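The data block below is query.cif; it holds mmCIF, C-alpha atoms.
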data_input
#
loop_
_atom_site.label_atom_id
_atom_site.label_comp_id
_atom_site.auth_asym_id
_atom_site.auth_seq_id
_atom_site.Cartn_x
_atom_site.Cartn_y
_atom_site.Cartn_z
CA MET A 5 -56.54 35.46 -37.17
CA LYS A 6 -59.33 35.67 -39.73
CA VAL A 7 -58.49 35.00 -43.37
CA VAL A 8 -60.98 35.93 -46.11
CA TYR A 9 -60.58 34.59 -49.64
CA PHE A 10 -62.53 35.72 -52.70
CA THR A 11 -62.40 32.88 -55.22
CA HIS A 12 -64.09 31.91 -58.46
CA SER A 13 -65.33 28.75 -56.75
CA LEU A 14 -64.35 26.65 -53.77
CA GLU A 15 -67.01 24.04 -54.44
CA SER A 16 -66.16 23.25 -58.06
CA CYS A 17 -62.91 22.05 -59.64
CA TRP A 18 -64.46 21.82 -63.12
CA ASN A 19 -61.67 23.40 -65.21
CA HIS A 20 -60.67 25.26 -62.05
CA GLY A 21 -57.32 24.05 -60.75
CA ASN A 22 -56.98 26.84 -58.19
CA ALA A 23 -59.73 25.14 -56.15
CA HIS A 24 -57.33 22.24 -55.46
CA PHE A 25 -54.71 24.46 -53.84
CA LEU A 26 -57.19 26.72 -52.08
CA ARG A 27 -58.89 23.78 -50.38
CA GLY A 28 -55.60 22.49 -49.00
CA VAL A 29 -54.48 25.91 -47.78
CA LEU A 30 -57.79 26.62 -46.07
CA ARG A 31 -57.82 23.23 -44.40
CA ASP A 32 -54.35 23.85 -43.01
CA LEU A 33 -55.27 27.31 -41.75
CA ILE A 34 -58.32 25.90 -39.97
CA ALA A 35 -56.25 23.08 -38.45
CA ARG A 36 -53.97 25.73 -36.93
CA GLY A 37 -56.92 27.47 -35.29
CA HIS A 38 -57.38 30.32 -37.76
CA GLU A 39 -60.77 31.35 -39.09
CA ALA A 40 -61.30 31.04 -42.84
CA ALA A 41 -64.15 32.65 -44.77
CA VAL A 42 -64.58 32.06 -48.50
CA TRP A 43 -66.76 34.06 -50.89
CA GLU A 44 -67.64 32.97 -54.42
CA PRO A 45 -70.11 34.36 -56.99
CA ARG A 46 -73.37 32.47 -57.26
CA ASP A 47 -73.06 32.32 -61.04
CA ALA A 48 -69.47 30.96 -61.12
CA TRP A 49 -69.18 29.26 -64.51
CA SER A 50 -67.09 26.39 -63.10
CA ARG A 51 -69.84 25.40 -60.67
CA GLU A 52 -72.55 25.96 -63.26
CA ASN A 53 -70.82 23.65 -65.74
CA LEU A 54 -70.24 20.99 -63.10
CA VAL A 55 -73.88 20.99 -61.99
CA ARG A 56 -75.09 21.07 -65.61
CA ASP A 57 -73.02 17.98 -66.47
CA HIS A 58 -73.35 16.00 -63.23
CA GLY A 59 -76.11 17.54 -61.15
CA VAL A 60 -75.63 18.57 -57.53
CA ASP A 61 -74.17 15.10 -56.92
CA GLY A 62 -71.06 16.40 -58.68
CA LEU A 63 -70.37 18.55 -55.60
CA GLN A 64 -70.46 15.59 -53.23
CA PRO A 65 -66.83 14.40 -53.63
CA TYR A 66 -65.58 17.83 -52.54
CA ARG A 67 -67.97 17.99 -49.61
CA ALA A 68 -67.04 14.49 -48.46
CA ALA A 69 -63.30 15.15 -48.70
CA TYR A 70 -63.42 18.61 -47.08
CA PRO A 71 -66.22 18.62 -44.49
CA GLU A 72 -64.60 21.50 -42.61
CA LEU A 73 -64.81 23.88 -45.58
CA THR A 74 -67.73 26.11 -46.51
CA SER A 75 -68.22 29.13 -48.74
CA GLN A 76 -70.65 32.00 -49.05
CA ARG A 77 -72.19 32.30 -52.52
CA PHE A 78 -73.23 35.81 -53.43
CA ASN A 79 -75.03 37.64 -56.19
CA PRO A 80 -72.69 40.44 -57.36
CA PRO A 81 -72.00 42.91 -55.97
CA ALA A 82 -70.89 41.24 -52.76
CA ASP A 83 -71.86 42.58 -49.35
CA LEU A 84 -68.32 43.68 -48.59
CA ASP A 85 -69.12 45.11 -45.16
CA ARG A 86 -70.20 41.66 -44.06
CA ALA A 87 -67.52 39.80 -46.00
CA LEU A 88 -64.66 41.90 -44.62
CA ASP A 89 -65.93 42.21 -41.06
CA GLY A 90 -63.17 41.23 -38.66
CA ALA A 91 -60.74 40.24 -41.42
CA ASP A 92 -57.00 40.28 -40.74
CA LEU A 93 -55.85 38.97 -44.11
CA VAL A 94 -57.82 39.14 -47.38
CA LEU A 95 -56.85 37.39 -50.62
CA VAL A 96 -58.52 38.05 -53.97
CA HIS A 97 -57.94 35.59 -56.81
CA GLU A 98 -57.38 36.90 -60.33
CA TRP A 99 -60.37 34.98 -61.73
CA ASN A 100 -62.70 37.43 -59.98
CA ASP A 101 -64.66 40.16 -61.71
CA PRO A 102 -62.63 43.40 -62.05
CA ALA A 103 -65.41 45.31 -60.26
CA LEU A 104 -65.06 43.09 -57.20
CA VAL A 105 -61.27 43.32 -57.28
CA ALA A 106 -61.54 47.11 -57.34
CA ALA A 107 -64.22 47.27 -54.64
CA VAL A 108 -62.14 45.25 -52.17
CA GLY A 109 -59.17 47.49 -52.91
CA GLU A 110 -61.29 50.57 -52.29
CA ALA A 111 -62.41 49.14 -48.94
CA ARG A 112 -58.78 48.72 -47.97
CA ALA A 113 -57.84 52.21 -49.18
CA ARG A 114 -60.69 53.73 -47.12
CA GLY A 115 -59.01 52.48 -43.98
CA GLY A 116 -59.81 48.78 -43.94
CA ARG A 117 -57.83 47.22 -41.11
CA PHE A 118 -56.70 44.15 -43.00
CA THR A 119 -53.82 43.17 -45.24
CA LEU A 120 -54.93 42.77 -48.85
CA LEU A 121 -53.20 40.50 -51.39
CA PHE A 122 -53.94 39.80 -55.04
CA HIS A 123 -53.39 36.11 -55.91
CA ASP A 124 -52.34 35.34 -59.50
CA THR A 125 -52.18 31.69 -60.60
CA HIS A 126 -52.48 32.03 -64.36
CA HIS A 127 -50.52 33.01 -67.45
CA ARG A 128 -52.73 35.97 -68.38
CA ALA A 129 -50.05 38.45 -67.29
CA VAL A 130 -48.12 37.40 -70.41
CA SER A 131 -50.83 35.94 -72.64
CA GLU A 132 -53.39 38.70 -72.01
CA PRO A 133 -51.57 41.47 -70.12
CA GLU A 134 -54.23 44.09 -70.75
CA GLY A 135 -56.74 41.82 -69.00
CA ILE A 136 -54.63 41.85 -65.83
CA LYS A 137 -53.74 45.52 -66.11
CA ALA A 138 -57.47 46.26 -66.19
CA PHE A 139 -57.63 45.30 -62.51
CA ASP A 140 -57.40 48.25 -60.14
CA LEU A 141 -54.86 47.05 -57.59
CA SER A 142 -54.02 50.49 -56.21
CA GLY A 143 -55.45 49.61 -52.81
CA TYR A 144 -53.61 46.31 -52.49
CA ASP A 145 -50.70 45.70 -50.14
CA GLY A 146 -49.07 43.04 -52.28
CA VAL A 147 -49.29 40.33 -54.92
CA LEU A 148 -48.88 36.58 -54.56
CA ALA A 149 -47.51 35.18 -57.84
CA PHE A 150 -47.28 31.42 -58.38
CA GLY A 151 -43.78 31.53 -59.83
CA GLU A 152 -40.68 33.69 -60.06
CA THR A 153 -41.11 34.53 -63.75
CA LEU A 154 -44.65 35.76 -63.07
CA ALA A 155 -43.40 37.75 -60.08
CA GLU A 156 -40.86 39.41 -62.37
CA VAL A 157 -43.72 40.61 -64.60
CA TYR A 158 -45.29 42.34 -61.61
CA ARG A 159 -41.95 43.87 -60.64
CA ARG A 160 -41.77 45.45 -64.08
CA TRP A 161 -45.26 46.80 -63.43
CA GLY A 162 -44.08 48.58 -60.28
CA TRP A 163 -44.57 45.97 -57.56
CA GLU A 164 -40.90 45.70 -56.58
CA GLY A 165 -40.68 44.64 -52.93
CA ARG A 166 -44.41 43.87 -52.75
CA VAL A 167 -44.69 40.75 -54.92
CA PHE A 168 -44.14 37.38 -53.29
CA VAL A 169 -43.50 34.03 -54.96
CA TRP A 170 -46.14 31.58 -53.73
CA HIS A 171 -46.10 28.33 -55.67
CA GLU A 172 -48.98 25.91 -55.60
CA ALA A 173 -48.53 22.68 -53.64
CA ALA A 174 -50.13 19.37 -52.69
CA ASP A 175 -52.63 18.85 -49.91
CA ILE A 176 -51.01 15.71 -48.51
CA ARG A 177 -53.94 15.06 -46.19
CA LEU A 178 -55.72 13.98 -49.37
CA PHE A 179 -52.90 13.35 -51.85
CA HIS A 180 -50.77 10.49 -50.58
CA PRO A 181 -49.85 6.95 -51.68
CA PRO A 182 -52.47 4.24 -51.15
CA GLY A 183 -52.46 2.58 -47.75
CA GLU A 184 -52.13 -0.77 -49.46
CA GLU A 185 -50.68 -1.25 -52.93
CA GLY A 186 -52.84 -3.01 -55.50
CA SER A 187 -52.33 -3.82 -59.13
CA ARG A 188 -51.27 -0.99 -61.42
CA ASP A 189 -51.58 -0.86 -65.18
CA GLY A 190 -51.27 1.69 -67.97
CA LEU A 191 -50.99 5.46 -67.92
CA ILE A 192 -53.27 8.14 -66.54
CA TRP A 193 -53.45 11.78 -67.54
CA ILE A 194 -55.70 14.27 -65.77
CA GLY A 195 -56.09 17.53 -67.62
CA ASN A 196 -58.34 19.70 -69.72
CA TRP A 197 -58.06 20.17 -73.46
CA GLY A 198 -58.08 23.93 -73.12
CA ASP A 199 -57.90 26.49 -75.88
CA GLY A 200 -55.28 25.13 -78.22
CA GLU A 201 -52.47 25.91 -75.77
CA ARG A 202 -50.91 22.43 -76.01
CA THR A 203 -52.78 20.54 -78.72
CA ARG A 204 -49.65 19.65 -80.67
CA GLU A 205 -47.74 18.88 -77.48
CA LEU A 206 -50.36 16.42 -76.23
CA GLU A 207 -50.07 14.38 -79.40
CA THR A 208 -46.27 14.55 -79.42
CA TYR A 209 -45.59 13.91 -75.75
CA LEU A 210 -48.59 11.88 -74.60
CA PHE A 211 -50.88 10.18 -77.12
CA LYS A 212 -48.27 8.84 -79.53
CA PRO A 213 -45.66 7.83 -76.88
CA ALA A 214 -48.29 5.95 -74.86
CA HIS A 215 -49.41 4.13 -78.00
CA ASP A 216 -45.85 3.37 -79.11
CA ALA A 217 -44.86 2.13 -75.64
CA GLY A 218 -47.81 -0.25 -75.63
CA LEU A 219 -49.42 1.35 -72.59
CA MET A 220 -53.16 1.92 -72.34
CA LEU A 221 -53.87 5.58 -71.63
CA ASP A 222 -56.80 6.80 -69.52
CA ILE A 223 -57.65 10.51 -69.73
CA HIS A 224 -59.86 12.55 -67.42
CA GLY A 225 -60.78 16.17 -68.10
CA VAL A 226 -63.21 18.57 -69.69
CA ARG A 227 -63.58 20.82 -72.73
CA TYR A 228 -62.64 18.16 -75.29
CA PRO A 229 -64.19 19.16 -78.62
CA ALA A 230 -65.13 16.66 -81.32
CA GLU A 231 -61.77 16.92 -83.08
CA ALA A 232 -59.97 16.20 -79.81
CA LEU A 233 -62.12 13.14 -79.17
CA ALA A 234 -61.38 11.96 -82.71
CA THR A 235 -57.65 12.23 -81.99
CA LEU A 236 -58.03 10.25 -78.78
CA SER A 237 -59.94 7.56 -80.65
CA ARG A 238 -57.25 7.35 -83.30
CA TYR A 239 -54.66 6.54 -80.64
CA GLY A 240 -56.90 4.15 -78.70
CA VAL A 241 -57.14 6.42 -75.68
CA ARG A 242 -59.92 5.83 -73.15
CA TYR A 243 -61.61 9.13 -72.35
CA HIS A 244 -63.63 9.36 -69.13
CA GLY A 245 -64.66 13.03 -68.91
CA TRP A 246 -64.55 15.07 -65.73
CA MET A 247 -63.22 13.56 -62.52
CA ALA A 248 -63.52 15.22 -59.12
CA ASN A 249 -60.10 16.20 -57.85
CA ALA A 250 -60.82 14.40 -54.61
CA ALA A 251 -60.97 11.15 -56.61
CA ALA A 252 -57.55 11.64 -58.22
CA PRO A 253 -55.45 9.82 -55.57
CA ALA A 254 -57.42 6.60 -56.01
CA ALA A 255 -57.14 6.93 -59.79
CA PHE A 256 -53.38 7.48 -59.61
CA ALA A 257 -53.10 4.36 -57.43
CA ARG A 258 -54.52 2.19 -60.22
CA HIS A 259 -51.95 3.25 -62.82
CA LEU A 260 -48.30 2.58 -63.56
CA ALA A 261 -47.29 6.16 -64.35
CA THR A 262 -48.49 9.60 -65.41
CA VAL A 263 -47.22 12.29 -67.76
CA HIS A 264 -46.90 16.06 -67.40
CA VAL A 265 -47.50 18.13 -70.53
CA PRO A 266 -47.18 21.84 -69.69
CA ARG A 267 -49.11 24.47 -71.58
CA ARG A 268 -47.04 26.42 -74.08
CA PHE A 269 -47.06 29.65 -72.05
CA TYR A 270 -45.38 27.88 -69.13
CA VAL A 271 -42.63 26.60 -71.39
CA GLU A 272 -41.95 29.68 -73.49
CA GLN A 273 -42.96 32.74 -71.45
CA LEU A 274 -43.34 31.68 -67.81
CA PRO A 275 -40.72 28.94 -67.35
CA GLY A 276 -40.24 27.46 -63.92
CA ILE A 277 -43.94 27.14 -63.06
CA PRO A 278 -45.30 23.58 -62.90
CA THR A 279 -49.02 23.08 -62.58
CA ILE A 280 -50.48 21.70 -59.38
CA ARG A 281 -50.87 18.27 -61.02
CA VAL A 282 -47.11 17.71 -60.73
CA PHE A 283 -47.18 18.28 -56.97
CA GLU A 284 -50.30 16.14 -56.54
CA ALA A 285 -49.02 13.24 -58.64
CA LEU A 286 -45.68 13.06 -56.85
CA ALA A 287 -47.47 13.28 -53.50
CA CYS A 288 -49.47 10.20 -54.50
CA GLY A 289 -46.35 8.16 -55.21
CA ILE A 290 -46.87 7.62 -58.94
CA PRO A 291 -43.92 7.76 -61.37
CA LEU A 292 -44.07 10.84 -63.58
CA VAL A 293 -42.55 11.53 -66.98
CA SER A 294 -42.53 15.14 -68.13
CA ALA A 295 -42.38 16.89 -71.45
CA PRO A 296 -39.66 19.57 -71.43
CA TRP A 297 -39.90 22.64 -69.22
CA SER A 298 -37.29 24.65 -67.33
CA ASP A 299 -37.25 24.11 -63.57
CA SER A 300 -35.47 27.43 -63.19
CA GLU A 301 -36.29 27.72 -59.48
CA GLY A 302 -34.94 24.30 -58.56
CA LEU A 303 -38.23 23.02 -57.19
CA PHE A 304 -37.32 19.43 -58.06
CA THR A 305 -34.35 17.30 -59.03
CA VAL A 306 -35.02 16.24 -62.60
CA GLY A 307 -34.00 12.64 -63.19
CA GLU A 308 -34.59 11.75 -59.54
CA ASP A 309 -38.01 13.13 -58.62
CA PHE A 310 -39.33 12.51 -62.12
CA LEU A 311 -38.04 11.87 -65.63
CA MET A 312 -37.94 14.59 -68.26
CA ALA A 313 -37.64 13.86 -71.96
CA ARG A 314 -36.92 16.35 -74.72
CA SER A 315 -38.73 14.62 -77.59
CA GLY A 316 -41.66 12.35 -78.22
CA GLU A 317 -39.29 9.49 -78.96
CA ALA A 318 -37.51 10.06 -75.65
CA ILE A 319 -40.86 10.06 -73.83
CA THR A 320 -41.64 6.72 -75.46
CA GLN A 321 -38.32 5.32 -74.27
CA ALA A 322 -38.86 6.62 -70.74
CA LEU A 323 -42.31 5.06 -70.59
CA THR A 324 -40.94 1.78 -71.93
CA ASP A 325 -38.23 1.83 -69.25
CA LEU A 326 -40.80 2.43 -66.53
CA LYS A 327 -42.99 -0.35 -67.86
CA LYS A 328 -40.13 -2.87 -67.66
CA ASP A 329 -38.25 -1.70 -64.56
CA PRO A 330 -39.97 -1.91 -61.14
CA ALA A 331 -36.80 -0.64 -59.43
CA LEU A 332 -36.86 2.54 -61.52
CA ARG A 333 -40.50 3.09 -60.67
CA GLN A 334 -39.80 2.63 -56.98
CA ALA A 335 -36.80 4.98 -57.00
CA LEU A 336 -38.80 7.75 -58.68
CA THR A 337 -41.83 7.42 -56.44
CA SER A 338 -39.74 7.41 -53.27
CA LYS A 339 -37.67 10.46 -54.21
CA GLY A 340 -40.60 12.43 -55.65
CA LEU A 341 -42.68 11.79 -52.54
CA GLU A 342 -39.77 12.78 -50.30
CA THR A 343 -39.31 16.08 -52.14
CA VAL A 344 -42.98 17.03 -51.99
CA ARG A 345 -43.27 16.23 -48.30
CA ALA A 346 -40.09 18.17 -47.52
CA ARG A 347 -40.84 21.30 -49.56
CA HIS A 348 -44.14 21.43 -51.43
CA THR A 349 -47.15 20.81 -49.21
CA CYS A 350 -50.00 23.16 -48.43
CA THR A 351 -48.58 23.32 -44.90
CA HIS A 352 -45.37 24.80 -46.33
CA ARG A 353 -47.40 27.32 -48.30
CA VAL A 354 -49.37 28.39 -45.25
CA ASP A 355 -46.06 28.93 -43.46
CA GLU A 356 -45.05 31.16 -46.36
CA LEU A 357 -48.36 33.02 -46.41
CA LEU A 358 -48.15 33.82 -42.72
CA ALA A 359 -44.56 34.97 -43.25
CA VAL A 360 -45.81 37.43 -45.89
CA TYR A 361 -48.39 38.72 -43.45
CA GLU A 362 -45.73 39.14 -40.77
CA ARG A 363 -43.37 40.94 -43.13
CA LEU A 364 -46.01 43.41 -44.29
CA ASN A 365 -47.29 44.12 -40.78
CA GLY A 366 -44.20 43.79 -38.61
CA VAL A 367 -45.98 41.35 -36.29
CA SER A 368 -45.42 37.74 -35.37
CA VAL A 369 -48.20 35.25 -36.01
CA SER A 370 -45.89 32.32 -35.24
CA ALA A 371 -42.35 31.33 -36.03
CA GLN A 372 -42.21 30.82 -39.79
CA PRO A 373 -39.44 30.18 -42.32
CA ALA A 374 -38.44 33.01 -44.63
CA LEU A 375 -40.20 33.33 -47.97
CA GLU A 376 -38.52 34.26 -51.22
CA THR A 377 -39.65 37.77 -52.07
CA ALA A 378 -38.87 40.48 -54.54
#

Could you write out this file's structure as structure tokens?
Amino acid sequence: MKVVYFTHSLESCWNHGNAHFLRGVLRDLIARGHEAAVWEPRDAWSRENLVRDHGVDGLQPYRAAYPELTSQRFNPPADLDRALDGADLVLVHEWNDPALVAAVGEARARGGRFTLLFHDTHHRAVSEPEGIKAFDLSGYDGVLAFGETLAEVYRRWGWEGRVFVWHEAADIRLFHPPGEEGSRDGLIWIGNWGDGERTRELETYLFKPAHDAGLMLDIHGVRYPAEALATLSRYGVRYHGWMANAAAPAAFARHLATVHVPRRFYVEQLPGIPTIRVFEALACGIPLVSAPWSDSEGLFTVGEDFLMARSGEAITQALTDLKKDPALRQALTSKGLETVRARHTCTHRVDELLAVYERLNGVSVSAQPALETA
């Protein structure tokens, strides 16, 4: 079958975490013999920022890691007749322009012979609901929501029976433990500063605990303003700027542990939704300590797959324990890796996506496990 995906950017992961998941899903679809076509706007701000900061060489890590993937860059409006030609399944990500979202829906409503899904991987449905409601989804067959609490929002908006929970996951072709273990030291955190959504939490659950546990902390990410850099300096943190997602496994392999600090919206209003970094870190076999969040969907076994601490002091203690106890580190990495490989890979998510397609169309693409739906 032919799958078409309209994304903000496939080429750039600069402040664009959805690119991680999309690359893994597309690679798995292609490996199964499906055709994948990706469309992204030529002026995508993620790509523009990446090239501005690092030149076209900044695109090379993605191209080297995913040689089978390509995308069509277009100047809006897109040539939808060409983009949708022969499509069986079309996905439109919520970072797209509302005009494009509406136009694809109109093409479906006019008799387009494809299944059309809206893919939501953000907290805007609760943090900026009017922004999401501005999308015209009347022509869409369903919604893919990256967590149950987000799916519930769409149910309240009238999507009962047509919203499907589709969590992100790790591309284990790229994210896996090193073939040969080397020396590990200190902590690593890969994440963007953002828009004040976890400023206090980063200091409470990351900067201060790392300092108090006597562990050097390396940070990679973008959008760190001067005041953020001053905070990092005060705690002795080494800041490295943007890192290509394809380089993350090697970076994880050089460090003792990592920390997950969820954004406030995913703690207070959309509990149960971890970011893709949790899946990727566990897939790489690095011990993970998390600030508090509610794993309401039972994606992991807290205390076995990773450690969760409810306060900054408890994070410090957990990091100190990991620093001193190789057996604890080994137990966490083994169990976390086992869980990801058993339940949370891009292969699992492609199984789920094809199951959605089968359910909506009453056809069989291949034998797939059932997917949790509304």

Seminar exercise, completed: Restricting to only C-alpha atoms, whichever of A:Asp145, A:Asp309, A:Glu132, A:Glu52 is closest to Arg166 of chain A is A:Asp145

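If you look at atom CA of Ser50 of chain A and atom CA of Leu236 of chain A, they are 24.3 Å away from each other.
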
For this session: I need the residue set behind the PyMOL selection byres ((chain A and resi 126-129) around 12) for this file; please write it as a ChimeraX atom specification.
Result: /A:20-22,97-99,123-125,130-139,148-151,153-161,171-172,201,266-275,277-280

Generate a file of the selected residues that holds C-alpha atoms, formatted as a tab-separated table (two decimals), in the frame of the given file.
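And here's again.tsv as it stands now:
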chain	number	residue	atom	x	y	z
A	20	HIS	CA	-60.67	25.26	-62.05
A	21	GLY	CA	-57.32	24.05	-60.75
A	22	ASN	CA	-56.98	26.84	-58.19
A	97	HIS	CA	-57.94	35.59	-56.81
A	98	GLU	CA	-57.38	36.90	-60.33
A	99	TRP	CA	-60.37	34.98	-61.73
A	123	HIS	CA	-53.39	36.11	-55.91
A	124	ASP	CA	-52.34	35.34	-59.50
A	125	THR	CA	-52.18	31.69	-60.60
A	130	VAL	CA	-48.12	37.40	-70.41
A	131	SER	CA	-50.83	35.94	-72.64
A	132	GLU	CA	-53.39	38.70	-72.01
A	133	PRO	CA	-51.57	41.47	-70.12
A	134	GLU	CA	-54.23	44.09	-70.75
A	135	GLY	CA	-56.74	41.82	-69.00
A	136	ILE	CA	-54.63	41.85	-65.83
A	137	LYS	CA	-53.74	45.52	-66.11
A	138	ALA	CA	-57.47	46.26	-66.19
A	139	PHE	CA	-57.63	45.30	-62.51
A	148	LEU	CA	-48.88	36.58	-54.56
A	149	ALA	CA	-47.51	35.18	-57.84
A	150	PHE	CA	-47.28	31.42	-58.38
A	151	GLY	CA	-43.78	31.53	-59.83
A	153	THR	CA	-41.11	34.53	-63.75
A	154	LEU	CA	-44.65	35.76	-63.07
A	155	ALA	CA	-43.40	37.75	-60.08
A	156	GLU	CA	-40.86	39.41	-62.37
A	157	VAL	CA	-43.72	40.61	-64.60
A	158	TYR	CA	-45.29	42.34	-61.61
A	159	ARG	CA	-41.95	43.87	-60.64
A	160	ARG	CA	-41.77	45.45	-64.08
A	161	TRP	CA	-45.26	46.80	-63.43
A	171	HIS	CA	-46.10	28.33	-55.67
A	172	GLU	CA	-48.98	25.91	-55.60
A	201	GLU	CA	-52.47	25.91	-75.77
A	266	PRO	CA	-47.18	21.84	-69.69
A	267	ARG	CA	-49.11	24.47	-71.58
A	268	ARG	CA	-47.04	26.42	-74.08
A	269	PHE	CA	-47.06	29.65	-72.05
A	270	TYR	CA	-45.38	27.88	-69.13
A	271	VAL	CA	-42.63	26.60	-71.39
A	272	GLU	CA	-41.95	29.68	-73.49
A	273	GLN	CA	-42.96	32.74	-71.45
A	274	LEU	CA	-43.34	31.68	-67.81
A	275	PRO	CA	-40.72	28.94	-67.35
A	277	ILE	CA	-43.94	27.14	-63.06
A	278	PRO	CA	-45.30	23.58	-62.90
A	279	THR	CA	-49.02	23.08	-62.58
A	280	ILE	CA	-50.48	21.70	-59.38

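Nearest to Asp57 of chain A of all the residues A:Glu184, A:Trp18, A:Ser300, A:Leu233 is A:Trp18, based on only C-alpha atoms.
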
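This file, filtered with the PyMOL selection byres ((chain A and resi 284) around 10), gives the residues His24, Phe25, Glu172, Ala173, Ala174, Asp175, Ile176, Leu178, Phe179, His180, Asn249, Ala252, Pro253, Phe256, Thr279, Ile280, Arg281, Val282, Phe283, Ala285, Leu286, Ala287, Cys288, Gly289, Ile290, Leu341, Val344, His348 and Thr349 of chain A.
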
Problem set entry | Selection dump of the PyMOL selection byres ((chain A and resi 203) around 12), as a list in words | Gly195, Asn196, Trp197, Gly198, Asp199, Gly200, Glu201, Arg202, Arg204, Glu205, Leu206, Glu207, Thr208, Tyr209, Leu210, Phe211, Tyr228, Pro229, Glu231, Ala232, Leu233, Thr235, Leu236, Val265, Pro266, Arg267 and Arg268 of chain A

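Remark: for Asp299 of chain A, the closest of the candidate residues A:Arg46, A:Glu152, A:Met220, A:Val169 is A:Glu152 (distances computed over all atoms listed in the file).
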
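The shortest atom-to-atom distance to Arg27 of chain A, with only C-alpha atoms taken into account, belongs to A:Thr351 out of A:Ser298, A:Asn79, A:Thr351, A:Gln334.
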
Seminar exercise, completed: Judged by only C-alpha atoms, the minimum distance to Ala106 of chain A among A:Ala346, A:Ala248, A:Leu88, A:Leu141 is found for A:Leu141

Exercise. What would the list of residues within 12 Å of (-40.3, -1.1, -78.6) (file frame) look like as JSON, numbers by chain, if all atoms listed in the file are what count?
Worked result: {"A": [213, 214, 215, 216, 217, 218, 219, 317, 318, 320, 321, 322, 323, 324, 325, 327, 328]}

For this session: Go ahead and compute the interatomic distance for atom CA of Asn365 of chain A and atom CA of Arg347 of chain A, in Å to one decimal.
Result: 25.3 Å

For this session: Name all residues at most 12 Å from Ala35 of chain A (count all atoms listed in the file; drop same-chain ones fewer than 5 positions away) and give them as a list of chain:residue names.
Result: A:Gly28, A:Val29, A:Leu30, A:Ala40, A:Glu72, A:Leu73, A:Arg177, A:Cys350, A:Thr351, A:Val354

Exercise. Out of A:Ile194, A:Ala335, A:Ile34, A:Ala251, which residue has the shortest atom-to-atom distance to Phe310 of chain A when counting only C-alpha atoms?
Worked result: A:Ala335

For this session: Take atom CA of Gly316 of chain A and atom CA of Trp246 of chain A and report the distance between them in Å, one decimal.
Result: 26.2 Å

Taking every listed atom of segment 303-314 of chain A and adding 6 Å to each side, what centre and edge lengths in Å (one decimal) does the axis-aligned box have, as lines of an AutoDock Vina configuration file?
center_x = -36.7
center_y = 17.4
center_z = -66.0
size_x = 17.3
size_y = 23.3
size_z = 29.5

Exercise. Do you know which residues are at most 7 Å from Val7 of chain A counting all atoms listed in the file, after dropping those on the same chain fewer than 2 positions away, and could you put them as a ChimeraX atom specification?
Worked result: /A:5,9,39-41,91-94

Fill-in result for segment 46-54 of chain A, N, CA, C and O atoms as a PDB file, in the coordinates of the input:
ATOM      1  N   ARG A  46     -72.343  33.498 -57.092  1.00  0.00           N
ATOM      2  CA  ARG A  46     -73.370  32.470 -57.260  1.00  0.00           C
ATOM      3  C   ARG A  46     -73.395  31.922 -58.679  1.00  0.00           C
ATOM      4  O   ARG A  46     -73.746  30.763 -58.906  1.00  0.00           O
ATOM      5  N   ASP A  47     -73.013  32.754 -59.647  1.00  0.00           N
ATOM      6  CA  ASP A  47     -73.060  32.320 -61.040  1.00  0.00           C
ATOM      7  C   ASP A  47     -71.700  31.872 -61.565  1.00  0.00           C
ATOM      8  O   ASP A  47     -71.435  31.934 -62.761  1.00  0.00           O
ATOM      9  N   ALA A  48     -70.803  31.411 -60.698  1.00  0.00           N
ATOM     10  CA  ALA A  48     -69.470  30.960 -61.120  1.00  0.00           C
ATOM     11  C   ALA A  48     -69.599  29.905 -62.224  1.00  0.00           C
ATOM     12  O   ALA A  48     -70.275  28.893 -62.045  1.00  0.00           O
ATOM     13  N   TRP A  49     -68.963  30.153 -63.365  1.00  0.00           N
ATOM     14  CA  TRP A  49     -69.180  29.260 -64.510  1.00  0.00           C
ATOM     15  C   TRP A  49     -68.629  27.855 -64.262  1.00  0.00           C
ATOM     16  O   TRP A  49     -69.121  26.887 -64.814  1.00  0.00           O
ATOM     17  N   SER A  50     -67.606  27.719 -63.411  1.00  0.00           N
ATOM     18  CA  SER A  50     -67.090  26.390 -63.100  1.00  0.00           C
ATOM     19  C   SER A  50     -68.157  25.555 -62.406  1.00  0.00           C
ATOM     20  O   SER A  50     -68.419  24.406 -62.784  1.00  0.00           O
ATOM     21  N   ARG A  51     -68.786  26.125 -61.395  1.00  0.00           N
ATOM     22  CA  ARG A  51     -69.840  25.400 -60.670  1.00  0.00           C
ATOM     23  C   ARG A  51     -71.036  25.139 -61.576  1.00  0.00           C
ATOM     24  O   ARG A  51     -71.629  24.049 -61.534  1.00  0.00           O
ATOM     25  N   GLU A  52     -71.399  26.134 -62.386  1.00  0.00           N
ATOM     26  CA  GLU A  52     -72.550  25.960 -63.260  1.00  0.00           C
ATOM     27  C   GLU A  52     -72.329  24.823 -64.255  1.00  0.00           C
ATOM     28  O   GLU A  52     -73.222  24.023 -64.530  1.00  0.00           O
ATOM     29  N   ASN A  53     -71.121  24.732 -64.806  1.00  0.00           N
ATOM     30  CA  ASN A  53     -70.820  23.650 -65.740  1.00  0.00           C
ATOM     31  C   ASN A  53     -70.815  22.294 -65.051  1.00  0.00           C
ATOM     32  O   ASN A  53     -71.283  21.295 -65.607  1.00  0.00           O
ATOM     33  N   LEU A  54     -70.270  22.246 -63.839  1.00  0.00           N
ATOM     34  CA  LEU A  54     -70.240  20.990 -63.100  1.00  0.00           C
ATOM     35  C   LEU A  54     -71.656  20.495 -62.818  1.00  0.00           C
ATOM     36  O   LEU A  54     -71.976  19.311 -63.053  1.00  0.00           O
TER      37      LEU A  54
END
